[in-house]
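I have placed the structure first, in the form of structure tokens, so that the comments after it can refer back to it.
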Amino acid sequence: MNHTKKPRHTALPIALCVLLSVQGAFALDPPAPSQASVKEDIYVLRTIIETTMMGGGRTAALSALERIESATDALLAQASAHGNVMSESALSALENRLRDASDFRKVEIVTETLKRGYVFSHQLARLIRLFSFDGYRETAILNVKNSIIDPINIGLALNEFDFEMNRRNLESKFLEK
């Protein structure tokens with residue numbers, strides 16, 4: 001009689017897989033995978049959870065995966081509803097264009113570019129990082145406020161500010177309706 005004990009699986013390895021999958025979907029450097037590949041990754045994780053986990057850990061992992069799937073669906077739907085979302089290649093080209101420009105000119109370029117499309121907060125943070133002074137960062141963010149797909153994540157761009165007072169001031173302006 002073989003009494004081989006099955007390895008005990010915890011939610012931690014599964015949570016790490018989920019986290020890596022979601023981070024890969026919205027990665028800053030490599031191109032983001034398609035919506036279909038993100039859905040496939042979630043399906044694979046669900047299958048792993050359902051076939052390898054038991055009890056409370058399985059329930060907790062499935063619950064976490066459902067929340068991640070719901071948030072991912074909402075974000076992907078929001079992005080596709082906006083239509084002209086800045087691609088990774090367009091963002092890189094814009095970054096290159098901004099590198100040698102003055103802060104004043106950077107504000108003009110970012111404002112003009114985002115009149116024609118939309119940007120995620122993590123992308124805006126990459127652009128804001130190229131500015132030298134908080135005053136210009138603030139102007140640029142306020143000028144493109146309505147082009148930000150995920151304003152709830154504006155903190156990513158605000159973290160690029162040099163001074164906490166400027167960050168808080170803009171956060172309050174940004175949240176005003």
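Just so we're on the same page: first chain in the structure tokens is A, next is B, and so on; residues restart at 1 for each chain, and ligands are numbered from 1 in the order they show up.
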
Legend entry - region 83-99 of chain A surroundings by only C-alpha atoms, 6 Å radius, close-in-sequence under 5 positions cut, as a PyMOL selection string: chain A and resi 106+117-119

Given only C-alpha atoms, how would the per-residue table for region 43-120 of chain A near region 136-148 of chain A read, listing every residue at most 10 Å away with its closest atom pair and distance in Å to one decimal, sorted by chain and number, as a Markdown table?
```
| residue | atom | partner | partner_atom | distance |
| --- | --- | --- | --- | --- |
| A:His82 | CA | A:Ser147 | CA | 9.1 |
| A:Val85 | CA | A:Ser147 | CA | 9.2 |
| A:Ser102 | CA | A:Tyr136 | CA | 10.0 |
| A:Asp103 | CA | A:Tyr136 | CA | 6.2 |
| A:Phe104 | CA | A:Tyr136 | CA | 6.8 |
| A:Arg105 | CA | A:Tyr136 | CA | 9.7 |
| A:Lys106 | CA | A:Ala140 | CA | 8.1 |
| A:Val107 | CA | A:Ala140 | CA | 5.1 |
| A:Glu108 | CA | A:Ala140 | CA | 8.0 |
| A:Ile109 | CA | A:Ala140 | CA | 9.3 |
| A:Val110 | CA | A:Ala140 | CA | 6.8 |
| A:Thr111 | CA | A:Asn143 | CA | 6.0 |
| A:Glu112 | CA | A:Val144 | CA | 9.0 |
| A:Thr113 | CA | A:Val144 | CA | 9.4 |
| A:Leu114 | CA | A:Ser147 | CA | 6.4 |
| A:Lys115 | CA | A:Ser147 | CA | 7.3 |
| A:Arg116 | CA | A:Ser147 | CA | 8.8 |
| A:Gly117 | CA | A:Ser147 | CA | 6.7 |
| A:Tyr118 | CA | A:Ser147 | CA | 4.7 |
| A:Val119 | CA | A:Ile148 | CA | 5.1 |
| A:Phe120 | CA | A:Ile148 | CA | 5.7 |
```

Inset, instruction - Work out how far apart CA of Leu175 (chain A) and CA of Ile152 (chain A) are and give it in Å to one decimal. - result: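 CA of Ile152 (chain A) lies 9.3 Å from CA of Leu175 (chain A).
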
Inset, instruction - Could you give me, as a VMD selection string, the residues within 6 Å of Arg167 (chain A), counting only C-alpha atoms and dropping anything in the same chain fewer than 3 positions from it? - result: chain A and resid 158 164 170

Inset, instruction - Enter the distance from CA of Asp73 (chain A) to CA of Phe174 (chain A), in Å, rounded to one decimal. - result: 25.3 Å

Contacts of Ala157 (chain A) within 8 Å, only C-alpha atoms, excl. fewer than 4 positions in-chain, as a PDB file with all heavy atoms, in the first residue's frame:
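As written to disk, part_34.pdb reads:
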```
ATOM      1  N   SER A 121      -2.210  55.646 -15.859  1.00  0.00           N
ATOM      2  CA  SER A 121      -1.430  56.388 -14.863  1.00  0.00           C
ATOM      3  C   SER A 121       0.035  55.957 -14.842  1.00  0.00           C
ATOM      4  O   SER A 121       0.920  56.797 -14.675  1.00  0.00           O
ATOM      5  CB  SER A 121      -2.036  56.227 -13.468  1.00  0.00           C
ATOM      6  OG  SER A 121      -3.287  56.871 -13.405  1.00  0.00           O
ATOM      7  N   HIS A 122       0.314  54.665 -15.006  1.00  0.00           N
ATOM      8  CA  HIS A 122       1.721  54.231 -14.993  1.00  0.00           C
ATOM      9  C   HIS A 122       2.472  54.791 -16.207  1.00  0.00           C
ATOM     10  O   HIS A 122       3.659  55.077 -16.128  1.00  0.00           O
ATOM     11  CB  HIS A 122       1.850  52.713 -14.904  1.00  0.00           C
ATOM     12  CG  HIS A 122       1.541  51.962 -16.154  1.00  0.00           C
ATOM     13  ND1 HIS A 122       0.281  51.500 -16.446  1.00  0.00           N
ATOM     14  CD2 HIS A 122       2.333  51.613 -17.195  1.00  0.00           C
ATOM     15  CE1 HIS A 122       0.303  50.885 -17.610  1.00  0.00           C
ATOM     16  NE2 HIS A 122       1.534  50.940 -18.099  1.00  0.00           N
ATOM     17  N   LEU A 124       1.674  57.739 -17.669  1.00  0.00           N
ATOM     18  CA  LEU A 124       1.835  59.157 -17.351  1.00  0.00           C
ATOM     19  C   LEU A 124       3.003  59.353 -16.389  1.00  0.00           C
ATOM     20  O   LEU A 124       3.780  60.300 -16.525  1.00  0.00           O
ATOM     21  CB  LEU A 124       0.539  59.716 -16.759  1.00  0.00           C
ATOM     22  CG  LEU A 124       0.535  61.206 -16.440  1.00  0.00           C
ATOM     23  CD1 LEU A 124       0.813  62.053 -17.682  1.00  0.00           C
ATOM     24  CD2 LEU A 124      -0.797  61.610 -15.810  1.00  0.00           C
ATOM     25  N   ALA A 125       3.166  58.442 -15.453  1.00  0.00           N
ATOM     26  CA  ALA A 125       4.288  58.532 -14.502  1.00  0.00           C
ATOM     27  C   ALA A 125       5.619  58.497 -15.245  1.00  0.00           C
ATOM     28  O   ALA A 125       6.545  59.237 -14.908  1.00  0.00           O
ATOM     29  CB  ALA A 125       4.214  57.395 -13.480  1.00  0.00           C
ATOM     30  N   ARG A 126       5.718  57.657 -16.254  1.00  0.00           N
ATOM     31  CA  ARG A 126       6.956  57.592 -17.037  1.00  0.00           C
ATOM     32  C   ARG A 126       7.233  58.912 -17.744  1.00  0.00           C
ATOM     33  O   ARG A 126       8.383  59.330 -17.864  1.00  0.00           O
ATOM     34  CB  ARG A 126       6.884  56.449 -18.047  1.00  0.00           C
ATOM     35  CG  ARG A 126       7.071  55.092 -17.394  1.00  0.00           C
ATOM     36  CD  ARG A 126       6.893  53.926 -18.326  1.00  0.00           C
ATOM     37  NE  ARG A 126       7.683  53.999 -19.540  1.00  0.00           N
ATOM     38  CZ  ARG A 126       7.622  53.065 -20.487  1.00  0.00           C
ATOM     39  NH1 ARG A 126       6.827  52.014 -20.340  1.00  0.00           N
ATOM     40  NH2 ARG A 126       8.357  53.174 -21.578  1.00  0.00           N
ATOM     41  N   ILE A 128       6.010  61.965 -16.751  1.00  0.00           N
ATOM     42  CA  ILE A 128       6.218  62.993 -15.723  1.00  0.00           C
ATOM     43  C   ILE A 128       7.626  62.906 -15.148  1.00  0.00           C
ATOM     44  O   ILE A 128       8.225  63.906 -14.780  1.00  0.00           O
ATOM     45  CB  ILE A 128       5.137  62.849 -14.615  1.00  0.00           C
ATOM     46  CG1 ILE A 128       3.764  63.154 -15.190  1.00  0.00           C
ATOM     47  CG2 ILE A 128       5.430  63.716 -13.416  1.00  0.00           C
ATOM     48  CD1 ILE A 128       3.622  64.521 -15.823  1.00  0.00           C
ATOM     49  N   ARG A 129       8.175  61.720 -15.098  1.00  0.00           N
ATOM     50  CA  ARG A 129       9.530  61.490 -14.587  1.00  0.00           C
ATOM     51  C   ARG A 129      10.569  62.277 -15.396  1.00  0.00           C
ATOM     52  O   ARG A 129      11.628  62.617 -14.889  1.00  0.00           O
ATOM     53  CB  ARG A 129       9.832  59.998 -14.662  1.00  0.00           C
ATOM     54  CG  ARG A 129      11.105  59.550 -14.026  1.00  0.00           C
ATOM     55  CD  ARG A 129      11.247  58.028 -14.061  1.00  0.00           C
ATOM     56  NE  ARG A 129      10.150  57.390 -13.352  1.00  0.00           N
ATOM     57  CZ  ARG A 129       9.480  56.325 -13.801  1.00  0.00           C
ATOM     58  NH1 ARG A 129       9.802  55.754 -14.926  1.00  0.00           N
ATOM     59  NH2 ARG A 129       8.498  55.809 -13.095  1.00  0.00           N
ATOM     60  N   PHE A 161       6.875  63.487  -8.068  1.00  0.00           N
ATOM     61  CA  PHE A 161       7.109  64.859  -7.599  1.00  0.00           C
ATOM     62  C   PHE A 161       8.242  64.888  -6.586  1.00  0.00           C
ATOM     63  O   PHE A 161       8.436  63.953  -5.814  1.00  0.00           O
ATOM     64  CB  PHE A 161       5.832  65.428  -6.970  1.00  0.00           C
ATOM     65  CG  PHE A 161       4.852  65.947  -7.985  1.00  0.00           C
ATOM     66  CD1 PHE A 161       4.278  65.112  -8.910  1.00  0.00           C
ATOM     67  CD2 PHE A 161       4.510  67.289  -8.008  1.00  0.00           C
ATOM     68  CE1 PHE A 161       3.384  65.587  -9.854  1.00  0.00           C
ATOM     69  CE2 PHE A 161       3.616  67.778  -8.938  1.00  0.00           C
ATOM     70  CZ  PHE A 161       3.056  66.922  -9.872  1.00  0.00           C
TER      71      PHE A 161
END
```

Legend entry - Proximity to Gly135 (chain A) - best of A:Ala60, A:Ala71, A:Phe163, A:Ser172, only C-alpha atoms: A:Phe163

Inset, instruction - From region 34-159 of chain A, collect each residue whose DSSP state is helix (DSSP H, G or I) and return the set as a PyMOL selection string. - result: chain A and resi 35-52+55-82+88-99+103-114+121-128+134-143+145-147+151-153+155-158

Could you write out the selected residues, including C-alpha atoms, as a tab-separated table (two decimals), in the first residue's frame?
```tsv
chain	number	residue	atom	x	y	z
A	35	GLN	CA	-6.75	40.44	-23.59
A	36	ALA	CA	-7.12	36.83	-24.74
A	37	SER	CA	-3.79	35.79	-23.22
A	38	VAL	CA	-4.68	37.46	-19.90
A	39	LYS	CA	-7.99	35.58	-19.88
A	40	GLU	CA	-6.15	32.36	-20.68
A	41	ASP	CA	-3.71	32.93	-17.81
A	42	ILE	CA	-6.60	33.46	-15.40
A	43	TYR	CA	-8.22	30.26	-16.66
A	44	VAL	CA	-4.96	28.35	-16.12
A	45	LEU	CA	-4.66	29.69	-12.59
A	46	ARG	CA	-8.28	28.77	-11.85
A	47	THR	CA	-7.59	25.23	-13.09
A	48	ILE	CA	-4.45	24.96	-10.93
A	49	ILE	CA	-6.34	26.17	-7.87
A	50	GLU	CA	-9.28	23.84	-8.45
A	51	THR	CA	-7.12	20.78	-9.03
A	52	THR	CA	-4.38	21.24	-6.44
A	55	GLY	CA	-10.38	23.52	1.94
A	56	GLY	CA	-10.15	27.11	3.09
A	57	GLY	CA	-7.02	27.82	1.08
A	58	ARG	CA	-8.80	26.85	-2.12
A	59	THR	CA	-11.81	28.98	-1.27
A	60	ALA	CA	-9.62	31.98	-0.43
A	61	ALA	CA	-7.53	31.55	-3.59
A	62	LEU	CA	-10.62	31.26	-5.82
A	63	SER	CA	-12.12	34.31	-4.16
A	64	ALA	CA	-8.93	36.31	-4.72
A	65	LEU	CA	-8.77	35.13	-8.32
A	66	GLU	CA	-12.37	36.22	-8.91
A	67	ARG	CA	-11.58	39.70	-7.56
A	68	ILE	CA	-8.49	39.91	-9.78
A	69	GLU	CA	-10.48	38.70	-12.78
A	70	SER	CA	-13.20	41.25	-12.13
A	71	ALA	CA	-10.70	44.10	-11.77
A	72	THR	CA	-8.84	42.96	-14.89
A	73	ASP	CA	-12.09	42.76	-16.89
A	74	ALA	CA	-13.05	46.26	-15.77
A	75	LEU	CA	-9.66	47.70	-16.65
A	76	LEU	CA	-9.54	46.01	-20.05
A	77	ALA	CA	-13.11	47.08	-20.83
A	78	GLN	CA	-12.34	50.64	-19.79
A	79	ALA	CA	-9.24	50.71	-21.99
A	80	SER	CA	-11.02	49.33	-25.05
A	81	ALA	CA	-13.94	51.70	-24.52
A	82	HIS	CA	-11.53	54.62	-24.75
A	88	GLU	CA	4.04	50.91	-25.55
A	89	SER	CA	5.80	51.87	-28.77
A	90	ALA	CA	4.01	55.24	-28.90
A	91	LEU	CA	4.94	55.86	-25.26
A	92	SER	CA	8.60	55.07	-25.95
A	93	ALA	CA	8.60	57.38	-28.96
A	94	LEU	CA	7.02	60.16	-26.89
A	95	GLU	CA	9.60	59.64	-24.12
A	96	ASN	CA	12.39	59.98	-26.67
A	97	ARG	CA	10.81	63.16	-28.02
A	98	LEU	CA	10.58	64.65	-24.53
A	99	ARG	CA	14.15	63.86	-23.41
A	103	ASP	CA	9.93	71.50	-19.39
A	104	PHE	CA	7.74	74.18	-20.98
A	105	ARG	CA	7.91	72.38	-24.33
A	106	LYS	CA	7.32	69.00	-22.63
A	107	VAL	CA	4.02	70.33	-21.26
A	108	GLU	CA	2.99	71.42	-24.76
A	109	ILE	CA	3.96	68.09	-26.33
A	110	VAL	CA	2.24	65.94	-23.69
A	111	THR	CA	-0.89	68.10	-23.76
A	112	GLU	CA	-1.12	68.05	-27.56
A	113	THR	CA	-0.41	64.32	-27.81
A	114	LEU	CA	-3.01	63.32	-25.24
A	121	SER	CA	-1.43	56.39	-14.86
A	122	HIS	CA	1.72	54.23	-14.99
A	123	GLN	CA	2.40	55.58	-18.50
A	124	LEU	CA	1.83	59.16	-17.35
A	125	ALA	CA	4.29	58.53	-14.50
A	126	ARG	CA	6.96	57.59	-17.04
A	127	LEU	CA	6.36	60.87	-18.88
A	128	ILE	CA	6.22	62.99	-15.72
A	134	ASP	CA	7.14	70.01	-10.05
A	135	GLY	CA	5.34	73.09	-11.41
A	136	TYR	CA	5.59	71.76	-14.95
A	137	ARG	CA	4.66	68.26	-13.79
A	138	GLU	CA	1.52	69.69	-12.18
A	139	THR	CA	0.56	71.67	-15.29
A	140	ALA	CA	1.03	68.64	-17.53
A	141	ILE	CA	-1.08	66.38	-15.30
A	142	LEU	CA	-3.89	68.91	-14.98
A	143	ASN	CA	-3.87	69.49	-18.75
A	145	LYS	CA	-6.58	64.96	-16.49
A	146	ASN	CA	-9.48	63.88	-18.72
A	147	SER	CA	-7.24	61.59	-20.79
A	151	PRO	CA	-7.42	58.15	-12.35
A	152	ILE	CA	-7.63	56.03	-9.22
A	153	ASN	CA	-3.95	55.21	-9.81
A	155	GLY	CA	-0.56	58.30	-7.22
A	156	LEU	CA	1.88	56.55	-9.57
A	157	ALA	CA	2.43	59.85	-11.39
A	158	LEU	CA	2.30	61.93	-8.22
```
